[in-house]
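Asker: One structure coming up, written as structure tokens, with questions to follow.
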Protein chains: 2
Amino acid sequence: MKKILLLGAGKSSSYLMRYLQKEGEKNQWILRIGDKFLEHARKVVGNAPNVEIFDFDLADSQQTEEEVKAAELVISLLPAHLHIEVAKAAVRFKKNMVTASYISDNMAALDESAKSAGICILNEIGLDPGIDHLSAQKIIDKLKAEGAEITGFLSFCGGLVHPDFCRENPWKYKFTWNPRNVILAGQGTAKYLENAKIKYTPYQRLFKTKTTLPFSGFPYGFEGYPNRDSLKYRKAYGLENVQTMMRGTIRAEGFMRAWQILVDLGLTDDSFICENTKGQTYRDWTASFVPDSLAGTLEERIAALTGLRTEDSAMKTFLWTGLLSDDLISLENATPAQILQNLLEKKFFLEEKDKDLVLMQHQFFFTKNQKNYRIISSLVVTGEDQIYTAMAKTVGLPLAVAVKMILTGKLTQKGVILPLAKEIYEPILAELETFDIQFKDTEEEI
Amino acid sequence: MKKILLLGAGKSSSYLMRYLQKEGEKNQWILRIGDKFLEHARKVVGNAPNVEIFDFDLADSQQTEEEVKAAELVISLLPAHLHIEVAKAAVRFKKNMVTASYISDNMAALDESAKSAGICILNEIGLDPGIDHLSAQKIIDKLKAEGAEITGFLSFCGGLVHPDFCRENPWKYKFTWNPRNVILAGQGTAKYLENAKIKYTPYQRLFKTKTTLPFSGFPYGFEGYPNRDSLKYRKAYGLENVQTMMRGTIRAEGFMRAWQILVDLGLTDDSFICENTKGQTYRDWTASFVPDSLAGTLEERIAALTGLRTEDSAMKTFLWTGLLSDDLISLENATPAQILQNLLEKKFFLEEKDKDLVLMQHQFFFTKNQKNYRIISSLVVTGEDQIYTAMAKTVGLPLAVAVKMILTGKLTQKGVILPLAKEIYEPILAELETFDIQFKDTEEEI
């Protein structure tokens, strides 16, 4: 019996656990799941005979080593900075490893040792990074094989809420992923390629850079803003000659203009502590970010500060948060970002009956036979419920299929790798389609 | 013969060395000066019989210990993060110590050990921090003794160039201090008190917060922006009841509006590396911070981005830097802040014949006998030449006088201290007046 070790069994692991448990029944695999909180794993696969669930302590490196040693393959869904300890044990005991996280510098440095150990450490095989790599690389390879010259590439992804479950919410957004990351998203300077030139956009202007992303069948539109470094995969994707390249995050129409108000005010800052906030009203706290020198009501002063009219829909969306209400702040000694997160966790709360929504869209601009074309390739996945979310599905299933391929000898690359080879993306994308994770492509001459 | 150990003999040490050398002749003191670069010390006091100049290696902790052990008192003008090693040696060998730097948390933690060792570690006794403490505390104590209630306190300081030496320069600014600190100044969020409420101003709006500072006798005006934490000394100064408190930096009129353009573009960012900049024109590089989506020439697009008209004087001041010129960038793999600094070091270069200028201004708002008053207390110091600068004078002389007071038994406080006691500020301010470092005060009913 081969033992698959899964470290970390949080929200995004439900589909992964269910898939590996079922495949395990056919292939004589045991799924051994370690976490500090075991309730979620128990609910999803707790009754299966080929599943073992155990209390796992991140801080106990001896436990990590013993578990890795006893396993055939290890999956780490731990917080990203903890992968490296697991990876070192994987190299030491010559066990394959899979993660859904970005390859850190530390992880990349293990490439040679992993090759010497004859193992594969496959990373970035979740949703984003993950499905974006698989699906983009498939079309890039196909276009190149047809003799097309790719001139532009856009790739956007977003974890959102299905429109049926945010009718009253003008942001059209709920937290389906780490709220802290959402609050801090984009801090720093974004870098991308536009008209063959590198462009830098500092955080204070990021939410003003709007890329419209057409998805059909929704009651409202979507738009995106660029991620920190859009050029990271330019070489890995084989896109050295593109003139436009941007990777980014999808939000519903209107979100970015309203979020820009929070940025303009300074409410997403995580670098200093506000004092005496406990028991202060959100209104008074927000007012502390607005100069007294402006004239008018607080609402009018905020509109003036952000260059909007008070009737602007972005102002209305901003006001909906309650940041100008007389409700009381419950945090003390917190950063603005933490106070904002605490408030938005109530406003952007995904309720029991809500379904989440994952969107991804690539746009490829290319030239073939002296004509210019665009392919728009879009993915829409809706969650089933609070356990089987679209996020858990799209993060977990690519990872799960990759694990099956490694254990059945169908994925033979060694070292610290990305899922960019045809032998990897083709079978995974094919199997994802059987789970309704399927891109719809349209091609047009432009 | 008592030995005074001076570690660090850079630009700001000339007056300090000259003063201690001369006082040493009267008091039988030897001034022992250690630095990696000895030219400056040799030029200023190299021929004096009571001066020893030696090669000092920051990294050699054994050398530090031996030198401290052999001295009577140690002055550290080293970079601020290096004070702590010297301070530990000072405690160990029970030697008094003086610095012109802010008290770090590490330094503050030595308070008890310093008291047990019976020594004084006097900090923040340069210009700012330094003369600002002395002069503000003097007036605060005087007003309180008169029964006045202080309701507001503003305190600003700036290291600038004398108007006679920047006629062609629309910024009215040259580097007289660490250029890197000037480029990065204000990053983070400023915190101050306005109308009895705490106000936060994020960096992207900092240079829009203009406080006008009246100095007479200049061909142009001056203004200021708040420092990171203006409330740091609220308690130490005894100003718990003020309704307005701001500490900040002085610039010539117009500087802040033009600097805001650099901030809006993102050119002061020090958090990421620009690629392939060597040999690129400044114009092309600056263009990479401006969206192509705006219409018009690059000049027009920058004006639109920053909300200015192209004829605005701030645009003209911005253009004077050469950021839109076809000159070539010489740096490779540098941050925007480093590229900007490299350019401005040429434009803001203090030439041999130039004289620098130090300005300081406090404003005290207070109530006495049911009437409201304001005192404006201003300091203007002009440099003599490139060695005897206003900066070196105002940083070095308070420190030098404090050293004399310690060695002659007139400063007896123990522990890690600030110069806020009357026994410290009164004699130092009195002696500074003999060097023409003298505040002019005006009082008016308001």
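Ligands are numbered from 1 in the order shown, chains are lettered A, B, ... in the order of the structure tokens, and residues start at 1 in each chain.
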DSSP on the backbone: what in range 165-300 of chain A comes out strand (DSSP E or B), as a PDB file with C-alpha atoms, in the first residue's frame?

Answerer:
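Output contents, as saved in out_33.pdb:
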```pdb
ATOM      1  CA  THR A 189       4.905  48.456  -7.773  1.00  0.00           C
ATOM      2  CA  ALA A 190       3.320  46.491 -10.631  1.00  0.00           C
ATOM      3  CA  LYS A 191       5.485  45.727 -13.650  1.00  0.00           C
ATOM      4  CA  TYR A 192       4.156  44.683 -17.052  1.00  0.00           C
ATOM      5  CA  LEU A 193       4.768  45.064 -20.757  1.00  0.00           C
ATOM      6  CA  GLU A 194       2.734  47.423 -22.953  1.00  0.00           C
ATOM      7  CA  LYS A 197       7.832  48.772 -23.324  1.00  0.00           C
ATOM      8  CA  ILE A 198       8.096  47.931 -19.654  1.00  0.00           C
ATOM      9  CA  LYS A 199       5.553  49.820 -17.563  1.00  0.00           C
ATOM     10  CA  TYR A 200       5.654  50.379 -13.824  1.00  0.00           C
ATOM     11  CA  THR A 201       2.540  51.299 -11.872  1.00  0.00           C
ATOM     12  CA  PRO A 202       2.949  52.224  -8.206  1.00  0.00           C
ATOM     13  CA  THR A 211      -8.337  46.045 -18.125  1.00  0.00           C
ATOM     14  CA  THR A 212     -11.818  45.022 -19.276  1.00  0.00           C
ATOM     15  CA  LEU A 213     -12.374  41.270 -19.333  1.00  0.00           C
ATOM     16  CA  PHE A 222     -15.484  42.177 -14.912  1.00  0.00           C
ATOM     17  CA  GLU A 223     -12.178  43.990 -14.948  1.00  0.00           C
ATOM     18  CA  GLY A 224      -8.640  43.382 -13.762  1.00  0.00           C
ATOM     19  CA  TYR A 225      -5.540  45.009 -12.316  1.00  0.00           C
ATOM     20  CA  PRO A 226      -1.951  43.810 -12.862  1.00  0.00           C
ATOM     21  CA  ASP A 229       5.551  41.132 -11.653  1.00  0.00           C
ATOM     22  CA  THR A 244       2.233  43.174 -24.366  1.00  0.00           C
ATOM     23  CA  MET A 245       2.155  40.970 -21.300  1.00  0.00           C
ATOM     24  CA  MET A 246       0.083  41.345 -18.189  1.00  0.00           C
ATOM     25  CA  ARG A 247      -0.978  38.927 -15.480  1.00  0.00           C
ATOM     26  CA  GLY A 248      -3.504  40.077 -12.946  1.00  0.00           C
ATOM     27  CA  THR A 249      -6.474  39.791 -10.667  1.00  0.00           C
ATOM     28  CA  ILE A 250     -10.168  39.829 -11.655  1.00  0.00           C
ATOM     29  CA  ARG A 251     -12.797  41.856  -9.839  1.00  0.00           C
ATOM     30  CA  ALA A 252     -16.384  42.763 -10.673  1.00  0.00           C
ATOM     31  CA  CYS A 274      -3.178  53.157  15.189  1.00  0.00           C
ATOM     32  CA  THR A 281     -16.313  54.878  15.741  1.00  0.00           C
TER      33      THR A 281
END
```

Asker: Write out as an MDAnalysis selection string which residues come within 10 Å of Ala421 in chain B when counting only C-alpha atoms, dropping same-chain ones fewer than 2 positions away.

Answerer: chainID B and resid 133:134 137:138 141 411 413 417:419 423:426

Asker: Using only C-alpha atoms, which of the listed residues (A:Gln260, A:Gln187, A:Thr176, A:Thr209) sits closest to Phe272 in chain B?

Answerer: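 Smallest separation from Phe272 in chain B among the options: A:Gln187.
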
Asker: From the options B:Phe364, B:Phe289, B:Phe348, B:Phe215, which residue's atoms come nearest to chain A, counting only C-alpha atoms?

Answerer: B:Phe289

Asker: One decimal, Å: what's the distance from CA of Asp327 in chain B over to CA of Ile261 in chain B, could you say?

Answerer: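 CA of Asp327 in chain B sits 19.9 Å away from CA of Ile261 in chain B.
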
Asker: Skipping near chain neighbours, those fewer than 3 positions away, what residues fall within 8 Å of Met1 in chain B using only C-alpha atoms, listed as JSON, numbers by chain?

Answerer: {"B": [28, 29, 30]}
